[in-house]
Amino acid sequence: MAIEFNTIQKEGLSVQIANAIRDAILDGRLTGEERLPSEAELAERFGVSRSTVREALKRLAAQNLIRSERGSAGGAFVNRITWSEATDNLVTTTRLLIGMNDIPLEDAIEARFALEAAALPLAATHRTEAQLGELRQEIHRQRDPLTSDEAFCASDVTFHSVIAGATANPLLAFQLSAAFEAMQPLMNMLVYRLRDRERIADFHDALSSALEAKDSANASASLDALSAYTRELAAQRRKPKTG
């Protein structure tokens, strides 16, 4: 394990040690499932007490970067973060940013559709028959009059997440899926009383057909139409009530 830690201050030693180890993890100098040196070894390496090292390790564990295991083969190990955990973290962070910083709905709509538009050429190229089947299944669910508003929202997120997966790029799919899960429910919640569910299903149908034909230009046109309709709904929502 290579960790640079040349100078430390008298205050905040545990924070600096935690940051040094965290940087080593983020830089790839420490890999998933790698065992850290013992507390005694780390204390000697950093020139601090074991209690200071212990506090640093607690900070890293609170960030879910490491875990402790007991037993003869135990110790502190670097966690391997799963795609699901990373998605949950990004979804939570995005929702907090929108909620706490009074982000306008129009900005969220713009960002959400810009991300998907950039991915459509890859999705059109790499989509599979199984993914096309999933898209059709969600469209069928959306056209079902017995589908609740909550289930419609979930189906909407799933539909676009399938498109994200169709890019065949795990990093892009991760970012897109997190964006959809974070922003789509917010948009649906704000405009669901105004939206025409059948019209949205029509947009999805056109988008799915374009992907089936591997026609990224028509796919982009269909997504643009859906984006314009969503912005239209947002504008209607902002109109003052009369009467």
# chains A, B, ... in the order shown; residues from 1 in each chain; ligands from 1

$ residues_around --residues "A:Val191" --least-positions-apart "2" --cutoff "10 Å" --atoms "only C-alpha atoms" --output "number ranges by chain"
A: 186-189, 193-196, 230-237

$ residues_around --residues "stretch 97-114 of chain A" --least-positions-apart "6" --cutoff "7 Å" --atoms "only C-alpha atoms" --output "PyMOL selection string"
chain A and resi 179-180+183+227+231

$ select_by_dssp --residues "stretch 96-159 of chain A" --states "helix (DSSP H, G or I)" --output "VMD selection string"
chain A and resid 96 to 100 105 to 126 129 to 143 149 to 159

$ atom_distance --atom1 "atom CA of A:Ala18" --atom2 "atom CA of A:Arg59"
6.6 Å

$ closest_residue --among "A:Leu120, A:Leu132, A:Val15, A:Ala151" --to "A:Asp224" --atoms "only C-alpha atoms"
A:Leu120

$ residues_around --residues "A:Ile66" --least-positions-apart "6" --cutoff "8 Å" --atoms "only C-alpha atoms" --output "CSV table (one decimal) with all heavy atoms, in the first residue's frame"
chain,number,residue,atom,x,y,z
A,57,LEU,N,-9.9,5.3,10.9
A,57,LEU,CA,-10.6,4.1,10.4
A,57,LEU,C,-12.1,4.2,10.6
A,57,LEU,O,-12.9,3.8,9.7
A,57,LEU,CB,-10.0,2.8,10.9
A,57,LEU,CG,-8.6,2.5,10.6
A,57,LEU,CD1,-8.1,1.2,11.3
A,57,LEU,CD2,-8.3,2.5,9.1
A,60,LEU,N,-13.5,6.4,7.9
A,60,LEU,CA,-13.6,5.7,6.6
A,60,LEU,C,-14.7,4.7,6.5
A,60,LEU,O,-15.4,4.6,5.5
A,60,LEU,CB,-12.2,5.0,6.3
A,60,LEU,CG,-11.0,5.9,6.1
A,60,LEU,CD1,-9.7,5.1,6.1
A,60,LEU,CD2,-11.2,6.7,4.8
A,76,ALA,N,-9.0,-4.6,8.7
A,76,ALA,CA,-9.8,-3.5,8.0
A,76,ALA,C,-9.6,-3.8,6.5
A,76,ALA,O,-8.4,-4.0,6.0
A,76,ALA,CB,-9.3,-2.1,8.3
A,77,PHE,N,-10.7,-3.8,5.7
A,77,PHE,CA,-10.6,-4.1,4.3
A,77,PHE,C,-11.3,-3.0,3.5
A,77,PHE,O,-12.3,-2.4,3.9
A,77,PHE,CB,-11.3,-5.5,4.0
A,77,PHE,CG,-10.6,-6.7,4.6
A,77,PHE,CD1,-10.9,-7.0,5.9
A,77,PHE,CD2,-9.8,-7.4,3.8
A,77,PHE,CE1,-10.2,-8.2,6.4
A,77,PHE,CE2,-9.1,-8.5,4.3
A,77,PHE,CZ,-9.4,-8.9,5.6
A,78,VAL,N,-10.8,-2.8,2.3
A,78,VAL,CA,-11.4,-1.8,1.4
A,78,VAL,C,-12.7,-2.4,0.8
A,78,VAL,O,-12.7,-3.5,0.3
A,78,VAL,CB,-10.4,-1.4,0.3
A,78,VAL,CG1,-11.1,-0.4,-0.7
A,78,VAL,CG2,-9.1,-0.8,0.8
A,79,ASN,N,-13.7,-1.7,0.9
A,79,ASN,CA,-15.0,-2.1,0.4
A,79,ASN,C,-15.0,-2.0,-1.2
A,79,ASN,O,-14.4,-1.1,-1.7
A,79,ASN,CB,-16.2,-1.3,0.9
A,79,ASN,CG,-16.7,-1.8,2.2
A,79,ASN,OD1,-16.5,-3.0,2.6
A,79,ASN,ND2,-17.3,-0.9,3.0

$ residues_around --residues "A:Ser208" --least-positions-apart "6" --cutoff "9 Å" --atoms "only C-alpha atoms" --output "list in words"
Leu132, Leu135, Arg136, Ile163 and Ala219 of chain A

$ residues_around --residues "A:Thr87" --least-positions-apart "2" --cutoff "9 Å" --atoms "only C-alpha atoms" --output "MDAnalysis selection string"
chainID A and resid 82:85 89:92 174:175 177:178 181

$ closest_residue --among "A:Arg197, A:Arg80, A:His204, A:Arg238" --to "A:Glu138" --atoms "only C-alpha atoms"
A:His204

$ closest_atom_pairs --of "stretch 49-77 of chain A" --to "stretch 29-44 of chain A" --cutoff "10 Å" --atoms "only C-alpha atoms" --output "JSON lines"
{"residue": "A:Ser49", "atom": "CA", "partner": "A:Ala43", "partner_atom": "CA", "distance": 5.5}
{"residue": "A:Arg50", "atom": "CA", "partner": "A:Ala43", "partner_atom": "CA", "distance": 5.3}
{"residue": "A:Ser51", "atom": "CA", "partner": "A:Glu39", "partner_atom": "CA", "distance": 8.6}
{"residue": "A:Thr52", "atom": "CA", "partner": "A:Ala43", "partner_atom": "CA", "distance": 7.8}
{"residue": "A:Val53", "atom": "CA", "partner": "A:Ala43", "partner_atom": "CA", "distance": 6.1}
{"residue": "A:Arg54", "atom": "CA", "partner": "A:Glu39", "partner_atom": "CA", "distance": 6.8}
{"residue": "A:Leu57", "atom": "CA", "partner": "A:Glu39", "partner_atom": "CA", "distance": 8.9}
{"residue": "A:Leu65", "atom": "CA", "partner": "A:Gly32", "partner_atom": "CA", "distance": 9.2}
{"residue": "A:Ile66", "atom": "CA", "partner": "A:Glu33", "partner_atom": "CA", "distance": 8.8}
{"residue": "A:Arg67", "atom": "CA", "partner": "A:Glu33", "partner_atom": "CA", "distance": 9.4}
{"residue": "A:Ser68", "atom": "CA", "partner": "A:Arg35", "partner_atom": "CA", "distance": 9.6}
{"residue": "A:Ala73", "atom": "CA", "partner": "A:Arg35", "partner_atom": "CA", "distance": 9.7}
{"residue": "A:Gly74", "atom": "CA", "partner": "A:Arg35", "partner_atom": "CA", "distance": 8.6}
{"residue": "A:Gly75", "atom": "CA", "partner": "A:Arg35", "partner_atom": "CA", "distance": 6.8}
{"residue": "A:Ala76", "atom": "CA", "partner": "A:Leu36", "partner_atom": "CA", "distance": 5.5}
{"residue": "A:Phe77", "atom": "CA", "partner": "A:Arg35", "partner_atom": "CA", "distance": 4.4}

$ atom_distance --atom1 "atom CA of A:Ala166" --atom2 "atom CA of A:Gln131"
6.9 Å

$ residues_around --residues "A:Thr167" --least-positions-apart "5" --cutoff "10 Å" --atoms "only C-alpha atoms" --output "PyMOL selection string"
chain A and resi 119-128+162+172-173

$ closest_residue --among "A:Ile200, A:Ala228, A:Ala210, A:Ala164" --to "A:His140" --atoms "only C-alpha atoms"
A:Ile200

$ select_by_dssp --residues "stretch 47-113 of chain A" --states "strand (DSSP E or B)" --output "PyMOL selection string"
chain A and resi 66-69+75-78

$ residues_around --residues "A:Ala206" --least-positions-apart "4" --cutoff "12 Å" --atoms "only C-alpha atoms" --output "PyMOL selection string"
chain A and resi 135-136+139+199-202+210-213+215-226

$ atom_distance --atom1 "atom CA of A:Ser14" --atom2 "atom CA of A:Val48"
9.0 Å
